>>> print(open('data15.cif').read())   # mmCIF, C-alpha atoms
data_entry
loop_
_atom_site.label_atom_id
_atom_site.label_comp_id
_atom_site.auth_asym_id
_atom_site.auth_seq_id
_atom_site.Cartn_x
_atom_site.Cartn_y
_atom_site.Cartn_z
CA MET D 6 -4.22 -19.15 -17.74
CA LEU D 7 -4.22 -15.38 -17.61
CA ARG D 8 -5.19 -13.75 -20.91
CA ARG D 9 -3.77 -10.29 -21.59
CA THR D 10 -4.03 -7.73 -24.34
CA TRP D 11 -2.23 -4.49 -23.53
CA MET D 12 -0.75 -5.58 -20.22
CA PHE D 13 2.96 -6.35 -20.34
CA LEU D 14 4.19 -7.94 -17.12
CA ALA D 15 7.54 -9.36 -18.19
CA ARG D 16 9.85 -9.21 -15.18
CA THR D 17 13.58 -9.15 -14.76
CA GLY D 18 15.76 -8.86 -11.70
CA THR D 19 17.60 -5.81 -12.98
CA PRO D 20 16.83 -2.44 -11.42
CA ARG D 21 14.54 -0.23 -13.49
CA PRO D 22 14.14 3.51 -12.98
CA VAL D 23 10.79 4.59 -11.62
CA PRO D 24 8.94 6.81 -14.12
CA THR D 25 8.12 10.27 -12.87
CA ALA D 26 4.47 9.29 -13.12
CA ILE D 27 4.65 7.20 -9.96
CA ARG D 28 1.55 8.44 -8.24
CA VAL D 29 1.61 9.05 -4.53
CA ALA D 30 0.78 12.25 -2.67
CA THR D 31 -1.30 11.32 0.37
CA LEU D 32 -2.37 8.09 1.99
CA ALA D 33 -5.73 8.45 0.30
CA CYS D 34 -3.90 8.64 -3.02
CA LEU D 35 -2.32 5.24 -2.62
CA ALA D 36 -4.46 4.19 -5.46
CA GLY D 37 -3.46 0.65 -6.02
CA LEU D 38 -6.41 -1.08 -7.57
CA ALA D 39 -6.40 -3.81 -10.05
CA ALA D 40 -9.12 -5.67 -11.82
CA CYS D 41 -10.05 -7.24 -15.09
CA THR D 42 -12.52 -6.97 -17.89
CA THR D 43 -13.47 -8.41 -21.21
CA GLY D 44 -11.94 -5.31 -22.79
CA PRO D 45 -8.35 -4.26 -22.07
CA MET D 46 -7.89 -6.81 -19.27
CA ALA D 47 -8.64 -10.41 -18.55
CA MET D 48 -9.36 -12.49 -15.47
CA PHE D 49 -7.48 -15.33 -13.83
CA GLY D 50 -9.07 -18.74 -13.80
CA GLY D 51 -9.80 -20.77 -10.70
CA THR D 52 -12.53 -20.73 -8.10
CA SER D 53 -13.09 -20.09 -4.43
CA GLN D 54 -16.29 -20.64 -2.47
CA PRO D 55 -16.48 -18.68 0.81
CA PRO D 56 -19.89 -18.14 2.38
CA PRO D 57 -21.73 -15.08 0.99
CA PHE D 58 -21.53 -11.96 3.12
CA ASP D 59 -25.28 -11.35 2.80
CA GLN D 60 -26.30 -14.69 4.21
CA GLY D 61 -29.25 -14.01 6.47
CA SER D 62 -29.16 -10.25 5.93
CA PRO D 63 -32.35 -8.27 5.18
CA GLY D 64 -31.40 -7.81 1.55
CA ALA D 65 -30.31 -11.38 0.84
CA ASP D 66 -33.53 -12.40 -0.88
CA GLN D 67 -33.34 -9.40 -3.21
CA ALA D 68 -29.70 -9.78 -4.23
CA GLY D 69 -30.26 -12.58 -6.73
CA SER D 70 -32.91 -10.62 -8.66
CA ARG D 71 -30.84 -7.48 -9.18
CA SER D 72 -29.58 -6.41 -12.59
CA THR D 73 -25.96 -6.36 -13.66
CA ARG D 74 -26.07 -2.55 -13.83
CA VAL D 75 -23.12 -0.91 -12.09
CA GLY D 76 -23.72 1.85 -9.55
CA LEU D 77 -20.90 4.41 -9.36
CA LEU D 78 -20.76 6.69 -6.30
CA LEU D 79 -18.58 9.75 -6.92
CA PRO D 80 -18.44 13.49 -6.07
CA LEU D 81 -19.69 14.86 -9.40
CA THR D 82 -20.42 18.27 -7.86
CA GLY D 83 -18.73 20.22 -5.09
CA ALA D 84 -15.07 20.64 -4.16
CA ASN D 85 -14.01 17.20 -5.39
CA ALA D 86 -15.97 17.38 -8.64
CA PRO D 87 -12.89 17.65 -10.94
CA LEU D 88 -11.52 14.42 -9.50
CA GLY D 89 -14.95 12.80 -9.50
CA GLN D 90 -15.53 13.67 -13.14
CA ALA D 91 -12.13 12.29 -14.10
CA MET D 92 -12.85 9.06 -12.24
CA LEU D 93 -16.22 8.82 -13.98
CA LYS D 94 -14.39 8.95 -17.32
CA SER D 95 -12.17 6.08 -16.20
CA ALA D 96 -15.17 3.92 -15.33
CA GLN D 97 -16.81 4.76 -18.64
CA LEU D 98 -13.63 3.80 -20.47
CA ALA D 99 -13.52 0.44 -18.70
CA LEU D 100 -17.08 -0.37 -19.76
CA ASP D 101 -16.72 0.90 -23.32
CA ALA D 102 -17.12 -2.54 -24.88
CA PRO D 103 -19.93 -4.55 -26.48
CA GLY D 104 -21.99 -6.39 -23.91
CA ALA D 105 -20.72 -4.31 -20.97
CA PRO D 106 -23.24 -3.57 -18.22
CA ALA D 107 -24.81 -0.13 -17.97
CA LEU D 108 -23.13 2.40 -15.69
CA ASP D 109 -25.30 4.30 -13.21
CA PRO D 110 -23.38 7.34 -11.85
CA GLN D 111 -24.70 8.83 -8.62
CA ASP D 112 -23.43 12.10 -7.16
CA THR D 113 -22.21 11.98 -3.55
CA GLY D 114 -21.57 15.77 -3.66
CA ASP D 115 -20.56 17.85 -0.66
CA ALA D 116 -23.80 17.97 1.29
CA PRO D 117 -24.10 15.98 4.53
CA GLY D 118 -25.49 12.52 3.84
CA GLY D 119 -24.67 12.72 0.14
CA ALA D 120 -23.01 9.32 -0.02
CA ALA D 121 -25.94 7.66 1.75
CA ARG D 122 -28.43 9.23 -0.67
CA ALA D 123 -26.32 8.21 -3.65
CA ALA D 124 -26.20 4.61 -2.43
CA GLN D 125 -29.95 4.56 -1.83
CA ALA D 126 -30.60 5.92 -5.32
CA ALA D 127 -28.37 3.30 -6.92
CA LEU D 128 -29.94 0.45 -5.00
CA GLY D 129 -33.41 1.82 -5.63
CA GLY D 130 -32.68 1.53 -9.32
CA GLY D 131 -31.70 -2.11 -8.93
CA ASP D 132 -27.94 -1.79 -9.38
CA GLY D 133 -26.21 -5.09 -8.72
CA ILE D 134 -22.86 -3.76 -7.50
CA LEU D 135 -21.65 -0.43 -6.12
CA LEU D 136 -18.29 1.12 -7.00
CA GLY D 137 -17.04 3.85 -4.69
CA PRO D 138 -17.50 6.10 -2.87
CA LEU D 139 -14.27 8.05 -2.82
CA THR D 140 -13.47 8.75 0.84
CA SER D 141 -13.43 6.83 4.08
CA ALA D 142 -16.17 9.01 5.55
CA ASP D 143 -18.42 8.51 2.54
CA THR D 144 -17.78 4.78 2.63
CA ALA D 145 -18.86 4.69 6.26
CA GLN D 146 -22.16 6.29 5.18
CA ALA D 147 -22.85 4.08 2.19
CA ALA D 148 -21.58 0.71 3.43
CA PRO D 149 -24.45 -0.10 5.84
CA ILE D 150 -26.97 0.60 3.08
CA ALA D 151 -25.20 -1.68 0.61
CA HIS D 152 -24.72 -4.37 3.23
CA ALA D 153 -28.37 -4.35 4.24
CA ALA D 154 -29.36 -4.78 0.60
CA GLY D 155 -26.92 -7.64 0.09
CA VAL D 156 -25.11 -5.73 -2.66
CA PRO D 157 -21.28 -5.79 -2.83
CA MET D 158 -19.33 -2.53 -2.71
CA LEU D 159 -15.84 -1.87 -4.03
CA ALA D 160 -14.90 1.31 -2.15
CA PHE D 161 -12.16 3.60 -3.40
CA THR D 162 -10.68 4.35 0.02
CA SER D 163 -7.49 2.87 1.46
CA ASP D 164 -8.81 3.00 5.04
CA LEU D 165 -8.87 -0.58 6.30
CA ALA D 166 -11.26 0.43 9.07
CA GLN D 167 -13.96 0.37 6.39
CA ALA D 168 -13.24 -3.22 5.32
CA GLN D 169 -15.89 -5.78 6.20
CA PRO D 170 -17.56 -8.74 4.51
CA GLY D 171 -19.09 -7.43 1.30
CA ILE D 172 -17.31 -4.05 1.49
CA TRP D 173 -13.84 -4.12 -0.09
CA VAL D 174 -11.14 -1.46 0.40
CA MET D 175 -9.53 -1.04 -3.01
CA GLY D 176 -6.70 1.43 -2.34
CA VAL D 177 -3.12 0.31 -1.77
CA THR D 178 -3.16 -0.04 2.00
CA PRO D 179 -0.43 0.07 4.67
CA GLU D 180 -1.24 -3.59 5.34
CA GLN D 181 -0.37 -4.59 1.76
CA GLN D 182 2.83 -2.55 1.71
CA VAL D 183 4.10 -3.81 5.06
CA ARG D 184 3.28 -7.43 4.26
CA ARG D 185 5.32 -7.21 1.06
CA LEU D 186 8.24 -5.52 2.84
CA VAL D 187 8.29 -8.12 5.62
CA ALA D 188 8.29 -10.93 3.07
CA ALA D 189 11.19 -9.29 1.23
CA ALA D 190 13.11 -8.70 4.47
CA LYS D 191 12.67 -12.31 5.51
CA ALA D 192 13.91 -13.47 2.11
CA ASP D 193 16.95 -11.21 2.69
CA ASN D 194 17.65 -13.11 5.96
CA ARG D 195 16.55 -10.22 8.14
CA ASN D 196 14.42 -11.50 10.97
CA ARG D 197 14.77 -8.86 13.70
CA ILE D 198 12.44 -6.10 12.54
CA ALA D 199 11.78 -2.90 14.46
CA ALA D 200 9.80 0.23 13.68
CA LEU D 201 10.05 3.95 14.44
CA LEU D 202 6.62 5.32 13.55
CA PRO D 203 4.71 8.57 14.05
CA ASP D 204 1.91 8.62 16.57
CA ASN D 205 -0.78 9.24 13.97
CA ALA D 206 -3.25 7.28 11.85
CA LEU D 207 -0.64 6.09 9.35
CA GLY D 208 1.78 5.11 12.10
CA HIS D 209 -0.91 3.14 13.92
CA SER D 210 -1.96 1.36 10.71
CA MET D 211 1.62 0.39 9.95
CA THR D 212 2.16 -0.78 13.53
CA ASP D 213 -0.81 -3.12 13.33
CA ALA D 214 0.22 -4.31 9.89
CA LEU D 215 3.81 -4.98 10.97
CA ARG D 216 2.82 -7.02 14.00
CA GLN D 217 0.43 -9.13 11.94
CA ALA D 218 2.86 -9.58 9.05
CA CYS D 219 5.69 -10.68 11.34
CA SER D 220 3.39 -13.15 13.09
CA ASP D 221 2.17 -14.57 9.79
CA ALA D 222 5.76 -14.86 8.53
CA GLY D 223 6.90 -16.72 11.64
CA LEU D 224 9.22 -13.90 12.69
CA PRO D 225 9.74 -12.59 16.24
CA ALA D 226 7.36 -9.86 17.35
CA PRO D 227 8.70 -6.49 16.19
CA VAL D 228 9.80 -3.81 18.64
CA VAL D 229 7.86 -0.63 17.86
CA ALA D 230 8.56 2.90 19.11
CA GLN D 231 6.14 5.69 18.32
CA HIS D 232 7.09 9.36 18.44
CA GLY D 233 5.31 12.67 18.64
CA GLU D 234 5.82 15.70 16.43
CA SER D 235 8.76 17.26 18.30
CA MET D 236 12.42 16.57 17.59
CA GLU D 237 12.84 15.71 21.27
CA SER D 238 10.27 12.93 20.92
CA VAL D 239 11.90 11.55 17.78
CA ASN D 240 15.32 11.64 19.46
CA ALA D 241 14.14 9.88 22.62
CA ALA D 242 12.28 7.18 20.71
CA MET D 243 15.27 6.40 18.49
CA ARG D 244 17.72 6.40 21.38
CA SER D 245 15.60 3.87 23.25
CA LEU D 246 14.76 1.74 20.22
CA SER D 247 18.39 1.51 19.11
CA ASP D 248 19.57 0.60 22.64
CA PHE D 249 22.20 3.29 22.23
CA ALA D 250 23.05 3.66 25.89
CA ASP D 251 24.02 0.00 26.30
CA ARG D 252 25.75 -0.19 22.92
CA ARG D 253 27.87 2.88 23.60
CA GLY D 254 28.11 2.34 27.33
CA ALA D 255 30.42 -0.67 27.09
CA ILE D 256 32.91 1.31 24.99
CA GLU D 257 32.75 4.35 27.27
CA GLN D 258 33.47 2.15 30.26
CA LYS D 259 36.56 0.74 28.55
CA VAL D 260 37.76 4.27 27.81
CA LYS D 261 37.15 5.27 31.44
CA ASP D 262 39.02 2.24 32.73
CA ALA D 263 41.96 2.88 30.39
CA LYS D 264 42.28 6.48 31.51
CA ALA D 265 42.26 5.40 35.16
CA SER D 266 44.88 2.73 34.65
CA GLN D 267 48.29 3.06 36.35
CA ASP D 268 49.89 1.55 33.29
CA PRO D 269 51.00 4.28 30.84
CA ALA D 270 50.65 1.88 27.93
CA VAL D 271 47.03 1.16 28.83
CA ARG D 272 46.27 4.86 29.30
CA ALA D 273 47.67 5.47 25.83
CA THR D 274 44.97 3.23 24.35
CA ALA D 275 42.12 5.40 25.65
CA ALA D 276 41.96 7.63 22.57
CA ALA D 277 41.92 4.66 20.23
CA LEU D 278 39.20 2.98 22.27
CA GLY D 279 37.09 6.11 21.96
CA GLN D 280 37.09 5.66 18.18
CA THR D 281 35.89 2.05 18.37
CA PRO D 282 32.75 1.51 16.29
CA ILE D 283 29.81 0.68 18.50
CA PRO D 284 27.96 -2.59 17.95
CA PRO D 285 24.98 -2.65 15.58
CA PRO D 286 21.49 -2.00 16.97
CA PRO D 287 19.34 -4.91 18.13
CA PHE D 288 17.47 -5.10 14.80
CA ASP D 289 18.46 -5.70 11.19
CA ALA D 290 15.46 -4.05 9.51
CA LEU D 291 13.69 -0.83 10.49
CA LEU D 292 10.28 0.33 9.29
CA LEU D 293 9.61 4.09 9.06
CA ALA D 294 6.52 6.04 7.98
CA ASP D 295 7.43 9.73 8.24
CA THR D 296 7.53 12.14 5.31
CA GLY D 297 8.60 15.78 4.90
CA ILE D 298 10.26 17.51 7.86
CA GLY D 299 9.46 14.57 10.11
CA LEU D 300 11.47 12.27 7.86
CA GLN D 301 14.41 14.72 7.84
CA GLU D 302 14.47 14.57 11.63
CA VAL D 303 14.33 10.78 11.61
CA ILE D 304 17.21 10.60 9.13
CA SER D 305 19.34 12.81 11.38
CA VAL D 306 18.78 10.66 14.47
CA LEU D 307 19.49 7.46 12.52
CA ALA D 308 22.99 8.75 11.82
CA TYR D 309 23.46 10.11 15.35
CA TYR D 310 22.62 6.77 16.96
CA ASP D 311 24.71 4.74 14.52
CA VAL D 312 21.87 3.00 12.74
CA SER D 313 23.78 2.37 9.56
CA PRO D 314 22.19 1.29 6.25
CA SER D 315 25.11 -1.10 5.89
CA GLN D 316 23.79 -3.01 8.91
CA VAL D 317 20.07 -2.23 8.89
CA ARG D 318 17.61 -2.37 6.00
CA ILE D 319 15.50 0.80 6.16
CA MET D 320 11.94 0.36 4.90
CA GLY D 321 9.17 2.90 4.40
CA PRO D 322 5.79 3.72 2.84
CA LEU D 323 4.82 4.03 -0.80
CA LEU D 324 4.45 7.75 -0.12
CA TRP D 325 8.23 7.97 -0.47
CA GLY D 326 7.86 7.35 -4.19
CA ALA D 327 6.49 10.88 -4.65
CA PHE D 328 9.82 12.45 -3.61
CA ALA D 329 12.30 9.60 -4.02
CA GLY D 330 14.63 11.92 -5.92
CA LYS D 331 15.32 13.76 -2.65
CA LEU D 332 15.99 10.66 -0.55
CA HIS D 333 19.67 10.06 -1.34
CA ALA D 334 20.35 10.04 2.42
CA LEU D 335 18.32 6.82 2.57
CA GLU D 336 20.32 5.03 -0.10
CA GLY D 337 19.38 1.35 -0.11
CA ALA D 338 16.03 1.88 1.62
CA TRP D 339 12.99 -0.03 0.38
CA PHE D 340 9.35 0.73 -0.19
CA ALA D 341 6.65 -1.38 -1.81
CA GLY D 342 4.16 -0.37 -4.48
CA PRO D 343 2.61 -1.17 -7.84
CA ASP D 344 4.87 -1.37 -10.86
CA PRO D 345 4.18 1.81 -12.91
CA ARG D 346 4.84 -0.12 -16.12
CA ASP D 347 1.59 -2.00 -15.58
CA ARG D 348 -0.29 1.30 -15.88
CA ARG D 349 1.03 2.33 -19.27
CA GLY D 350 -1.66 0.64 -21.34
CA PHE D 351 -4.41 2.26 -19.31
CA ALA D 352 -2.76 5.68 -19.52
CA SER D 353 -2.48 5.35 -23.28
CA LEU D 354 -6.13 4.36 -23.66
CA TYR D 355 -7.29 7.20 -21.42
CA GLU D 356 -5.25 9.86 -23.18
CA LYS D 357 -6.36 8.66 -26.61
CA LYS D 358 -10.01 8.80 -25.54
CA PHE D 359 -10.03 12.05 -23.53
CA GLY D 360 -7.04 13.99 -24.84
CA GLN D 361 -5.22 14.20 -21.51
CA PRO D 362 -3.37 11.83 -19.20
CA PRO D 363 -5.32 10.21 -16.36
CA ARG D 364 -5.21 11.79 -12.95
CA PRO D 365 -3.91 10.02 -9.86
CA LEU D 366 -6.64 7.76 -8.49
CA ALA D 367 -8.08 7.21 -11.98
CA ASP D 368 -6.87 3.63 -11.77
CA ILE D 369 -9.34 2.80 -9.04
CA PRO D 370 -12.66 3.28 -10.84
CA TYR D 371 -11.21 1.92 -14.07
CA ASP D 372 -10.21 -1.35 -12.48
CA ALA D 373 -13.32 -1.63 -10.35
CA ALA D 374 -15.55 -1.08 -13.37
CA ALA D 375 -13.48 -3.46 -15.47
CA LEU D 376 -13.89 -6.13 -12.81
CA ALA D 377 -17.65 -5.56 -12.73
CA GLY D 378 -17.78 -5.74 -16.52
CA SER D 379 -16.00 -9.07 -16.54
CA LEU D 380 -18.08 -10.65 -13.78
CA SER D 381 -21.37 -9.43 -15.27
CA GLN D 382 -20.78 -11.93 -18.08
CA ARG D 383 -19.59 -14.70 -15.77
CA GLY D 384 -22.43 -15.26 -13.38
CA GLY D 385 -22.86 -11.85 -11.81
CA TYR D 386 -21.55 -10.31 -8.62
CA GLY D 387 -21.77 -13.14 -6.13
CA VAL D 388 -19.21 -13.24 -3.37
CA ASP D 389 -17.94 -16.59 -4.63
CA THR D 390 -16.90 -15.00 -7.93
CA LEU D 391 -15.62 -11.78 -6.38
CA THR D 392 -13.40 -13.67 -3.94
CA ARG D 393 -11.98 -16.26 -6.32
CA GLY D 394 -8.71 -17.40 -4.85
CA ASP D 395 -6.37 -16.73 -7.76
CA GLY D 396 -7.61 -13.19 -8.17
CA PHE D 397 -7.59 -10.68 -10.99
CA ALA D 398 -5.11 -8.66 -13.05
CA GLY D 399 -5.31 -4.93 -13.62
CA VAL D 400 -3.67 -1.56 -13.86
CA ASP D 401 -1.63 -1.92 -10.67
CA GLY D 402 -0.89 -5.62 -10.86
CA ILE D 403 -2.64 -8.67 -9.51
CA PHE D 404 -5.03 -8.69 -6.56
CA ALA D 405 -7.60 -10.86 -4.85
CA LEU D 406 -10.59 -9.83 -2.77
CA GLN D 407 -10.78 -11.57 0.59
CA PRO D 408 -14.05 -12.53 2.35
CA ASP D 409 -13.35 -10.04 5.18
CA GLY D 410 -13.12 -7.00 2.88
CA HIS D 411 -9.33 -6.92 2.74
CA VAL D 412 -7.49 -7.22 -0.57
CA ARG D 413 -4.34 -9.20 -1.25
CA ARG D 414 -2.12 -7.46 -3.76
CA GLY D 415 1.08 -8.20 -5.64
CA LEU D 416 3.53 -5.31 -5.18
CA ALA D 417 7.06 -4.62 -6.35
CA ILE D 418 9.98 -3.64 -4.11
CA PHE D 419 11.64 -0.31 -4.91
CA GLN D 420 15.09 0.69 -3.66
CA ILE D 421 16.41 4.23 -3.16
CA GLN D 422 19.44 4.76 -5.39
CA PRO D 423 22.73 6.50 -4.44
CA GLY D 424 21.86 9.82 -6.06
CA GLY D 425 18.20 9.67 -5.10
CA GLY D 426 15.32 8.24 -7.06
CA ALA D 427 14.15 4.66 -6.86
CA SER D 428 14.39 1.55 -9.01
CA ILE D 429 12.54 -1.74 -8.92
CA ILE D 430 14.82 -4.41 -7.48
CA GLN D 431 12.19 -7.09 -6.89
CA PRO D 432 9.37 -7.30 -9.42
CA ALA D 433 5.77 -7.68 -8.43
CA PRO D 434 4.73 -11.34 -8.37
CA VAL D 435 2.75 -12.62 -11.31
CA SER D 436 0.84 -15.09 -9.16
CA LEU D 437 -0.87 -14.67 -5.83
CA GLY D 438 0.56 -18.05 -4.90
CA ASP D 439 3.97 -16.38 -4.69
CA THR D 440 5.05 -16.05 -1.05
CA ASN D 441 6.17 -12.46 -1.77
CA THR D 442 2.54 -11.35 -1.90
#
>>> encode(input="data15.cif", output="structure tokens")
Amino acid sequence: MLRRTWMFLARTGTPRPVPTAIRVATLACLAGLAACTTGPMAMFGGTSQPPPFDQGSPGADQAGSRSTRVGLLLPLTGANAPLGQAMLKSAQLALDAPGAPALDPQDTGDAPGGAARAAQAALGGGDGILLGPLTSADTAQAAPIAHAAGVPMLAFTSDLAQAQPGIWVMGVTPEQQVRRLVAAAKADNRNRIAALLPDNALGHSMTDALRQACSDAGLPAPVVAQHGESMESVNAAMRSLSDFADRRGAIEQKVKDAKASQDPAVRATAAALGQTPIPPPPFDALLLADTGIGLQEVISVLAYYDVSPSQVRIMGPLLWGAFAGKLHALEGAWFAGPDPRDRRGFASLYEKKFGQPPRPLADIPYDAAALAGSLSQRGGYGVDTLTRGDGFAGVDGIFALQPDGHVRRGLAIFQIQPGGGASIIQPAPVSLGDTNT
């Protein structure tokens, strides 16, 4: 039974406006953590017993003798110091409770190798778990050191390339978003999913995620078209993906035949035939990933090639939440993300303690530290406790760490409204047993 204090997760099916505090600016800022603690949060019950990631590793014999002290790897100096200092405050807030483990902040800084040195310092001091570092590049530095020592790491990146046994990627990832969207599309009886995605890191991540999600959901393999930066590339990709030539070609042939007819009555029908709506495209859901000018170009070619929202469910990334007020042209489109209402208790605690609202990404160290605080009093940081099957509850909803370093997460479905803006139309699940996760 999940115990809660400040978290209020009552759900209804009615649309709710998204607060302006919905926090998304870049892929790295898809901060969707969640965790639990003996303070403001509590942990699900249940158990799961996968093999430990450090089995047979050089540090395996040392892992059991480590303290419950929590190593925190953050940029406390350098260009990212303001963000690092704010994230440090979040972690301190999470562990501000009697019996909480000590926090050991280590500065990753700006200098080359800073994340590796910070990890070595934390492990040299006997820390039993590492939280952070902030970026994908820093995680790539620190992860081998943590892994060799048999010490788990909850990294703050959303780059799934860094996920591996014992190293968890705690940001809201494209994989999590796409999996939730595919589940929602399937529930909406849409089983022919396609994608028009940019030829960049985000587009590639969403392509991989879509193919895997469709396979896992028992849906046909999606048809994916990737485009370059030019309008010509976007236009060509959409024309091919939507099968426009064949859809329009049948009508144009009828018009041509009518005009060539010797029967005046048949020739008179040519104009009317030219106004015949073309058939729908060969998909009923379409995944996009563009933002900014790229998204404007995509929207224009959707209309040109008769990909109508009345026939096709448009889906996109959580990044859309940052400018949903400008997306009225995508009325009815979906994106997946954490429910901002789940963050209110944390935001209130943070502002009361520090006199200012928390920054974007502050959720991540708060939840990671809260999780460490909880587990420190429940047997430590073994992989069996970290990967318990029914997961944890936190600032951005429920989540569960998987043995391979991926994270399952419960996300809500947001829908773009007629005048712009987005509302929750499908609440985040309250159990990881829900198929919508």
>>> atom_distance(input="data15.cif", atom1="atom CA of Gln181 of chain D", atom2="atom CA of Leu215 of chain D")
10.1 Å
>>> resolve_selection(input="data15.cif", expression="the PyMOL selection byres ((chain D and resi 371) around 10)", output="ChimeraX atom specification")
/D:38-42,92-100,351,355,366-370,372-377,399-400
>>> residues_around(input="data15.cif", residues="Gly410 of chain D", least_positions_apart="4", cutoff="12 Å", atoms="all atoms listed in the file", output="ChimeraX atom specification")
/D:57-58,148,152,157-160,162-176,388,391-392,405-406
>>> closest_residue(input="data15.cif", among="D:Asp193, D:Thr178, D:Gly76, D:Glu234", to="Ala147 of chain D", atoms="only C-alpha atoms")
D:Gly76
>>> closest_residue(input="data15.cif", among="D:Ile283, D:Pro343, D:Ala427, D:Ala329", to="Thr296 of chain D", atoms="all atoms listed in the file")
D:Ala329
>>> closest_residue(input="data15.cif", among="D:Leu332, D:Ala105, D:Thr82, D:Ser235", to="Ser381 of chain D", atoms="all atoms listed in the file")
D:Ala105
>>> resolve_selection(input="data15.cif", expression="the PyMOL selection byres ((chain D and resi 75) around 7)", output="short mmCIF file (atom, residue, chain, number, x, y, z; two decimals) with C-alpha atoms, in the coordinates of the input")
data_model
loop_
_atom_site.label_atom_id
_atom_site.label_comp_id
_atom_site.auth_asym_id
_atom_site.auth_seq_id
_atom_site.Cartn_x
_atom_site.Cartn_y
_atom_site.Cartn_z
CA THR D 73 -25.96 -6.36 -13.66
CA ARG D 74 -26.07 -2.55 -13.83
CA GLY D 76 -23.72 1.85 -9.55
CA LEU D 77 -20.90 4.41 -9.36
CA PRO D 106 -23.24 -3.57 -18.22
CA ALA D 107 -24.81 -0.13 -17.97
CA LEU D 108 -23.13 2.40 -15.69
CA ASP D 109 -25.30 4.30 -13.21
CA ASP D 132 -27.94 -1.79 -9.38
CA GLY D 133 -26.21 -5.09 -8.72
CA ILE D 134 -22.86 -3.76 -7.50
CA LEU D 135 -21.65 -0.43 -6.12
#
>>> closest_residue(input="data15.cif", among="D:Gly131, D:Pro110, D:Pro363, D:Gly337", to="Leu88 of chain D", atoms="all atoms listed in the file")
D:Pro363
>>> residues_around(input="data15.cif", residues="segment 245-248 of chain D", least_positions_apart="4", cutoff="8 Å", atoms="all atoms listed in the file", output="JSON, numbers by chain")
{"D": [199, 201, 228, 229, 230, 241, 252, 286, 287, 288, 310, 312]}
>>> axis_aligned_box(input="data15.cif", around="segment 297-304 of chain D", padding_each_side="5 Å", output="AutoDock Vina command-line options")
--center_x 12.9 --center_y 14.1 --center_z 8.3 --size_x 18.6 --size_y 16.9 --size_z 16.7
>>> residues_around(input="data15.cif", residues="Pro117 of chain D", least_positions_apart="5", cutoff="12 Å", atoms="all atoms listed in the file", output="list in words")
Gly83, Arg122, Ala123, Ala142, Asp143 and Gln146 of chain D
